[in-house]
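Novice: Structure file work-v8.pdb (PDB, C-alpha atoms, pLDDT in the B column) is given on the next line.
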ATOM      1  CA  LYS A   1      55.253 116.159 127.241  1.00 52.00           C
ATOM      2  CA  LEU A   2      56.906 115.846 123.848  1.00 62.00           C
ATOM      3  CA  ARG A   3      55.184 118.264 121.478  1.00 70.00           C
ATOM      4  CA  LEU A   4      56.012 120.092 118.284  1.00 72.00           C
ATOM      5  CA  ASP A   5      55.896 123.893 118.042  1.00 76.00           C
ATOM      6  CA  ASN A   6      52.323 123.710 116.740  1.00 82.00           C
ATOM      7  CA  GLY A   7      51.205 121.708 119.789  1.00 78.00           C
ATOM      8  CA  GLN A   8      50.961 118.251 118.149  1.00 79.00           C
ATOM      9  CA  LYS A   9      52.399 115.280 120.022  1.00 75.00           C
ATOM     10  CA  ILE A  10      55.684 113.872 118.781  1.00 70.00           C
ATOM     11  CA  PRO A  11      55.202 110.224 117.870  1.00 69.00           C
ATOM     12  CA  VAL A  12      57.487 108.067 120.026  1.00 66.00           C
ATOM     13  CA  LYS A  13      58.205 104.473 119.089  1.00 64.00           C
ATOM     14  CA  ASN A  14      57.805 101.815 121.707  1.00 63.00           C
ATOM     15  CA  TYR A  15      61.035  99.851 121.323  1.00 60.00           C
ATOM     16  CA  ALA A  16      59.623  96.958 123.326  1.00 63.00           C
ATOM     17  CA  HIS A  17      57.384  96.264 120.319  1.00 65.00           C
ATOM     18  CA  MET A  18      59.971  97.069 117.654  1.00 62.00           C
ATOM     19  CA  THR A  19      59.188  93.898 115.711  1.00 64.00           C
ATOM     20  CA  ASP A  20      55.733  95.342 115.001  1.00 63.00           C
ATOM     21  CA  TYR A  21      57.372  97.913 112.699  1.00 64.00           C
ATOM     22  CA  PHE A  22      59.049  95.400 110.387  1.00 66.00           C
ATOM     23  CA  ASP A  23      57.638  92.939 107.893  1.00 70.00           C
ATOM     24  CA  TYR A  24      60.275  90.271 108.454  1.00 72.00           C
ATOM     25  CA  LYS A  25      62.976  89.330 110.948  1.00 72.00           C
ATOM     26  CA  ILE A  26      66.665  89.268 110.145  1.00 73.00           C
ATOM     27  CA  SER A  27      68.484  86.103 111.086  1.00 76.00           C
ATOM     28  CA  GLY A  28      72.075  86.226 112.225  1.00 75.00           C
ATOM     29  CA  ALA A  29      72.776  83.286 109.903  1.00 77.00           C
ATOM     30  CA  ASP A  30      71.687  85.472 106.959  1.00 78.00           C
ATOM     31  CA  VAL A  31      74.162  88.194 107.900  1.00 79.00           C
ATOM     32  CA  ILE A  32      77.272  86.240 108.927  1.00 80.00           C
ATOM     33  CA  ASN A  33      78.202  82.573 108.866  1.00 80.00           C
ATOM     34  CA  LYS A  34      80.179  80.537 111.380  1.00 79.00           C
ATOM     35  CA  ALA A  35      83.453  80.653 109.401  1.00 81.00           C
ATOM     36  CA  GLU A  36      83.332  84.462 109.173  1.00 81.00           C
ATOM     37  CA  LEU A  37      82.513  84.710 112.859  1.00 77.00           C
ATOM     38  CA  GLN A  38      85.486  82.519 113.789  1.00 76.00           C
ATOM     39  CA  HIS A  39      87.857  84.819 111.887  1.00 80.00           C
ATOM     40  CA  PHE A  40      86.310  88.128 112.952  1.00 80.00           C
ATOM     41  CA  HIS A  41      88.624  88.909 115.874  1.00 78.00           C
ATOM     42  CA  GLY A  42      91.778  88.011 113.969  1.00 81.00           C
ATOM     43  CA  ASP A  43      90.683  90.084 110.980  1.00 84.00           C
ATOM     44  CA  PHE A  44      89.753  92.982 113.260  1.00 84.00           C
ATOM     45  CA  ALA A  45      93.167  92.860 114.972  1.00 82.00           C
ATOM     46  CA  GLU A  46      94.870  92.819 111.562  1.00 86.00           C
ATOM     47  CA  TYR A  47      92.813  95.838 110.461  1.00 86.00           C
ATOM     48  CA  LEU A  48      93.894  97.726 113.585  1.00 85.00           C
ATOM     49  CA  ARG A  49      97.555  96.846 112.930  1.00 86.00           C
ATOM     50  CA  THR A  50      97.510  97.890 109.269  1.00 89.00           C
ATOM     51  CA  HIS A  51      95.896 101.224 110.120  1.00 88.00           C
ATOM     52  CA  ASN A  52      98.263 101.830 113.089  1.00 85.00           C
ATOM     53  CA  ILE A  53      95.414 101.902 115.580  1.00 83.00           C
ATOM     54  CA  PRO A  54      96.479 100.927 119.107  1.00 78.00           C
ATOM     55  CA  GLY A  55      94.850  97.942 120.766  1.00 73.00           C
ATOM     56  CA  ALA A  56      95.436  95.335 118.084  1.00 74.00           C
ATOM     57  CA  ASP A  57      97.249  93.085 120.537  1.00 69.00           C
ATOM     58  CA  THR A  58      94.431  93.157 123.077  1.00 67.00           C
ATOM     59  CA  VAL A  59      91.541  92.184 120.811  1.00 67.00           C
ATOM     60  CA  TYR A  60      89.538  89.516 122.624  1.00 62.00           C
ATOM     61  CA  THR A  61      89.977  86.161 120.957  1.00 55.00           C
ATOM     62  CA  GLY A  62      88.070  83.938 123.323  1.00 50.00           C
ATOM     63  CA  LYS A  63      91.202  81.982 124.175  1.00 46.00           C
ATOM     64  CA  THR A  64      91.801  82.548 127.853  1.00 42.00           C
ATOM     65  CA  GLY A  65      94.724  80.159 128.057  1.00 46.00           C
ATOM     66  CA  GLY A  66      94.079  79.376 131.706  1.00 48.00           C
ATOM     67  CA  PHE A  67      94.175  83.014 132.810  1.00 63.00           C
ATOM     68  CA  ASN A  68      90.797  82.803 134.520  1.00 69.00           C
ATOM     69  CA  LEU A  69      90.951  83.020 138.278  1.00 79.00           C
ATOM     70  CA  SER A  70      88.067  82.610 140.652  1.00 81.00           C
ATOM     71  CA  VAL A  71      87.129  85.460 142.977  1.00 83.00           C
ATOM     72  CA  ARG A  72      88.448  83.368 145.867  1.00 87.00           C
ATOM     73  CA  ASP A  73      91.818  82.961 144.088  1.00 87.00           C
ATOM     74  CA  MET A  74      92.045  86.690 143.324  1.00 88.00           C
ATOM     75  CA  LYS A  75      91.260  87.574 146.953  1.00 89.00           C
ATOM     76  CA  GLU A  76      93.877  85.067 148.109  1.00 91.00           C
ATOM     77  CA  LEU A  77      96.439  86.629 145.763  1.00 91.00           C
ATOM     78  CA  THR A  78      95.693  90.145 147.017  1.00 91.00           C
ATOM     79  CA  ARG A  79      95.710  89.041 150.672  1.00 92.00           C
ATOM     80  CA  ALA A  80      99.000  87.153 150.334  1.00 93.00           C
ATOM     81  CA  THR A  81     100.913  89.594 148.115  1.00 93.00           C
ATOM     82  CA  GLY A  82      99.088  92.939 148.271  1.00 92.00           C
ATOM     83  CA  ILE A  83      98.901  92.890 144.464  1.00 91.00           C
ATOM     84  CA  SER A  84      95.666  92.682 142.479  1.00 89.00           C
ATOM     85  CA  ILE A  85      95.236  91.211 139.002  1.00 88.00           C
ATOM     86  CA  GLU A  86      94.224  94.652 137.696  1.00 87.00           C
ATOM     87  CA  GLU A  87      97.480  96.137 139.008  1.00 90.00           C
ATOM     88  CA  ILE A  88      99.436  93.388 137.274  1.00 89.00           C
ATOM     89  CA  ARG A  89      97.622  94.031 133.996  1.00 86.00           C
ATOM     90  CA  ASN A  90      98.154  97.798 134.234  1.00 88.00           C
ATOM     91  CA  ARG A  91     101.708  97.762 135.632  1.00 91.00           C
ATOM     92  CA  PRO A  92     103.353  94.362 135.153  1.00 92.00           C
ATOM     93  CA  LEU A  93     106.281  93.463 137.371  1.00 93.00           C
ATOM     94  CA  PRO A  94     109.679  92.259 136.184  1.00 93.00           C
ATOM     95  CA  ARG A  95     109.540  88.466 135.918  1.00 91.00           C
ATOM     96  CA  GLU A  96     112.100  87.794 138.670  1.00 92.00           C
ATOM     97  CA  ALA A  97     110.433  90.172 141.136  1.00 92.00           C
ATOM     98  CA  LEU A  98     107.019  88.636 140.514  1.00 92.00           C
ATOM     99  CA  GLN A  99     108.399  85.114 140.938  1.00 91.00           C
ATOM    100  CA  ARG A 100     110.043  86.048 144.267  1.00 92.00           C
ATOM    101  CA  THR A 101     106.786  87.637 145.476  1.00 92.00           C
ATOM    102  CA  LEU A 102     104.724  84.590 144.516  1.00 92.00           C
ATOM    103  CA  ASP A 103     107.235  82.141 146.037  1.00 91.00           C
ATOM    104  CA  SER A 104     107.233  83.979 149.368  1.00 92.00           C
ATOM    105  CA  ALA A 105     103.385  84.185 149.394  1.00 91.00           C
ATOM    106  CA  GLY A 106     102.912  80.401 149.412  1.00 89.00           C
ATOM    107  CA  LEU A 107     100.061  80.415 146.863  1.00 90.00           C
ATOM    108  CA  LYS A 108      98.719  77.385 145.020  1.00 89.00           C
ATOM    109  CA  PRO A 109     100.740  76.547 141.885  1.00 90.00           C
ATOM    110  CA  SER A 110      97.666  77.024 139.660  1.00 86.00           C
ATOM    111  CA  ILE A 111      97.236  80.608 140.918  1.00 89.00           C
ATOM    112  CA  CYS A 112     100.943  81.294 140.434  1.00 90.00           C
ATOM    113  CA  ARG A 113     100.861  79.970 136.849  1.00 88.00           C
ATOM    114  CA  SER A 114      97.866  82.143 135.992  1.00 88.00           C
ATOM    115  CA  VAL A 115      99.393  85.253 137.569  1.00 91.00           C
ATOM    116  CA  VAL A 116     102.707  84.696 135.762  1.00 92.00           C
ATOM    117  CA  ALA A 117     100.835  84.212 132.471  1.00 89.00           C
ATOM    118  CA  ILE A 118      98.823  87.423 133.007  1.00 90.00           C
ATOM    119  CA  ASN A 119     102.006  89.327 133.896  1.00 92.00           C
ATOM    120  CA  ASN A 120     103.817  87.953 130.823  1.00 91.00           C
ATOM    121  CA  GLU A 121     100.891  88.922 128.612  1.00 88.00           C
ATOM    122  CA  ALA A 122     100.989  92.472 129.993  1.00 90.00           C
ATOM    123  CA  LEU A 123     104.772  92.667 129.491  1.00 93.00           C
ATOM    124  CA  VAL A 124     104.388  91.528 125.873  1.00 92.00           C
ATOM    125  CA  GLN A 125     101.644  94.089 125.328  1.00 89.00           C
ATOM    126  CA  ILE A 126     103.903  96.877 126.618  1.00 92.00           C
ATOM    127  CA  GLN A 127     106.738  95.708 124.364  1.00 92.00           C
ATOM    128  CA  ASN A 128     104.389  95.575 121.367  1.00 92.00           C
ATOM    129  CA  GLU A 129     103.223  99.127 122.069  1.00 91.00           C
ATOM    130  CA  LYS A 130     106.855 100.268 122.231  1.00 94.00           C
ATOM    131  CA  ILE A 131     107.554  98.494 118.931  1.00 94.00           C
ATOM    132  CA  HIS A 132     104.581 100.221 117.281  1.00 92.00           C
ATOM    133  CA  GLU A 133     105.783 103.592 118.576  1.00 94.00           C
ATOM    134  CA  LEU A 134     109.310 102.973 117.289  1.00 95.00           C
ATOM    135  CA  GLU A 135     107.972 101.828 113.913  1.00 95.00           C
ATOM    136  CA  ALA A 136     106.030 105.091 113.665  1.00 93.00           C
ATOM    137  CA  VAL A 137     109.197 107.075 114.470  1.00 95.00           C
ATOM    138  CA  ILE A 138     111.130 105.098 111.849  1.00 95.00           C
ATOM    139  CA  ARG A 139     108.452 105.805 109.236  1.00 94.00           C
ATOM    140  CA  GLU A 140     108.572 109.525 110.107  1.00 94.00           C
ATOM    141  CA  GLN A 141     112.360 109.619 109.868  1.00 95.00           C
ATOM    142  CA  ALA A 142     112.321 107.711 106.571  1.00 94.00           C
ATOM    143  CA  GLU A 143     109.852 110.236 105.175  1.00 93.00           C
ATOM    144  CA  ARG A 144     112.047 113.136 106.349  1.00 93.00           C
ATOM    145  CA  ILE A 145     115.086 111.530 104.710  1.00 92.00           C
ATOM    146  CA  ASN A 146     113.170 111.043 101.465  1.00 91.00           C
ATOM    147  CA  GLN A 147     112.020 114.657 101.611  1.00 90.00           C
ATOM    148  CA  MET A 148     115.594 115.854 102.183  1.00 89.00           C
ATOM    149  CA  ASP A 149     116.789 113.707  99.260  1.00 86.00           C
ATOM    150  CA  ARG A 150     114.145 115.245  97.002  1.00 84.00           C
ATOM    151  CA  THR A 151     115.195 118.737  98.127  1.00 82.00           C
ATOM    152  CA  GLU A 152     118.850 117.960  97.396  1.00 80.00           C
ATOM    153  CA  GLU A 153     117.931 116.617  93.943  1.00 77.00           C
ATOM    154  CA  ARG A 154     116.051 119.834  93.176  1.00 75.00           C
ATOM    155  CA  LYS A 155     119.040 121.913  94.281  1.00 71.00           C
ATOM    156  CA  THR A 156     121.452 120.029  92.024  1.00 69.00           C
ATOM    157  CA  ASP A 157     118.992 120.154  89.106  1.00 63.00           C
ATOM    158  CA  THR A 158     118.819 123.984  89.266  1.00 59.00           C
ATOM    159  CA  GLY A 159     122.580 124.440  89.593  1.00 55.00           C
ATOM    160  CA  TRP A 160     122.592 125.869  93.097  1.00 55.00           C
ATOM    161  CA  THR A 161     125.558 123.924  94.362  1.00 52.00           C
ATOM    162  CA  LYS A 162     128.923 125.077  95.661  1.00 53.00           C
ATOM    163  CA  SER A 163     130.643 123.990  92.467  1.00 53.00           C
ATOM    164  CA  SER A 164     128.374 126.134  90.289  1.00 50.00           C
ATOM    165  CA  GLY A 165     129.506 129.386  88.752  1.00 52.00           C
ATOM    166  CA  TRP A 166     127.212 131.440  90.966  1.00 53.00           C
ATOM    167  CA  HIS A 167     129.246 130.691  94.072  1.00 51.00           C
ATOM    168  CA  ARG A 168     132.519 131.418  92.302  1.00 50.00           C
ATOM    169  CA  SER A 169     131.301 134.775  91.086  1.00 50.00           C
ATOM    170  CA  ASN A 170     130.355 135.701  94.639  1.00 50.00           C
ATOM    171  CA  ASP A 171     133.741 134.626  95.867  1.00 49.00           C
ATOM    172  CA  ARG A 172     135.444 136.924  93.295  1.00 50.00           C
ATOM    173  CA  THR A 173     133.346 139.929  94.223  1.00 50.00           C
ATOM    174  CA  ARG A 174     134.169 139.505  97.883  1.00 49.00           C
ATOM    175  CA  THR A 175     137.917 139.413  97.306  1.00 49.00           C
ATOM    176  CA  ARG A 176     138.024 142.750  95.433  1.00 47.00           C
TER     177      ARG A 176
END
Before we go any further, please render this structure as structure tokens.
Specialist:
Amino acid sequence: KLRLDNGQKIPVKNYAHMTDYFDYKISGADVINKAELQHFHGDFAEYLRTHNIPGADTVYTGKTGGFNLSVRDMKELTRATGISIEEIRNRPLPREALQRTLDSAGLKPSICRSVVAINNEALVQIQNEKIHELEAVIREQAERINQMDRTEERKTDTGWTKSSGWHRSNDRTRTR
């Protein structure tokens, strides 16, 4: 099926036998060590923050902090409250409203703790995103102020101010 314009077959590699194409294997231990691997996610999150790339606060760290819920627990939560974990992550509730909902649902304390923790994490994420947005606005405004200051300095350096003789001469010609 795969042929060149001159009718010859296009050689296709069989990726199932990819090791046949190489003289040696690469070991993961040769590429990265355990210490580097343990710091990867933190370093990656820091890189995202320094380059103002969103998502730095949601980089997976492997620390679940007790947020794992079984399928049975998630179904129980949805049945009792009408709220799913995904909804909480996407649109967290105010803390008091969530607590009232969980108290009236009569769920196990372990489920309630996990749901509150997930909600709090989502609220923090939203606040962090707002902070990043405001920091970007502040940087923009600071740059505009600096630009205006530089423009003002250029105006005063060339003598184009109200106290310069140019303005006075215009004032005299207008009064005649």
Novice: Residues at most 10 Å from Pro54 (chain A), counting all atoms listed in the file, excluding those fewer than 3 positions away in the same chain, as an NGL selection string?
Specialist: :A and (45 or 48-49 or 51 or 57-58 or 128-129 or 132-133)
Novice: Can you spell out as a PyMOL selection string the set of residues that the PyMOL selection byres ((chain A and resi 76) around 12) selects in the structure I just provided?
Specialist: chain A and resi 69-75+77-85+102+105-108+111-112+115
Novice: Expressed in Å to a single decimal, how great is the separation between CA of Pro92 (chain A) and CA of Gln127 (chain A)?
Specialist: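 Those two atoms sit 11.4 Å apart.
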Novice: Just to confirm, what's the straight-line distance from CA of Asp149 (chain A) to CA of Lys130 (chain A) in Å (one decimal)?
Specialist: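 CA of Lys130 (chain A) lies 28.4 Å from CA of Asp149 (chain A).
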Novice: I'd like to see the residues matched by the PyMOL selection byres ((chain A and resi 123) around 9) on this file, and ideally I'd get them as a PyMOL selection string.
Specialist: chain A and resi 89+91-94+118-122+124-128
Novice: Would you mind reading off the distance between CA of Glu135 (chain A) and CA of Arg95 (chain A), one decimal, in Å?
Specialist: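 According to the coordinates, CA of Glu135 (chain A) and CA of Arg95 (chain A) are separated by 25.8 Å.
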Novice: Can you sort out the box for region 45-59 of chain A, edges along x, y and z, all listed atoms in, 3 Å on every side, with centre and edge lengths in Å to one decimal, as AutoDock Vina command-line options?
Specialist:
--center_x 94.9 --center_y 97.0 --center_z 116.2 --size_x 12.7 --size_y 15.7 --size_z 19.8
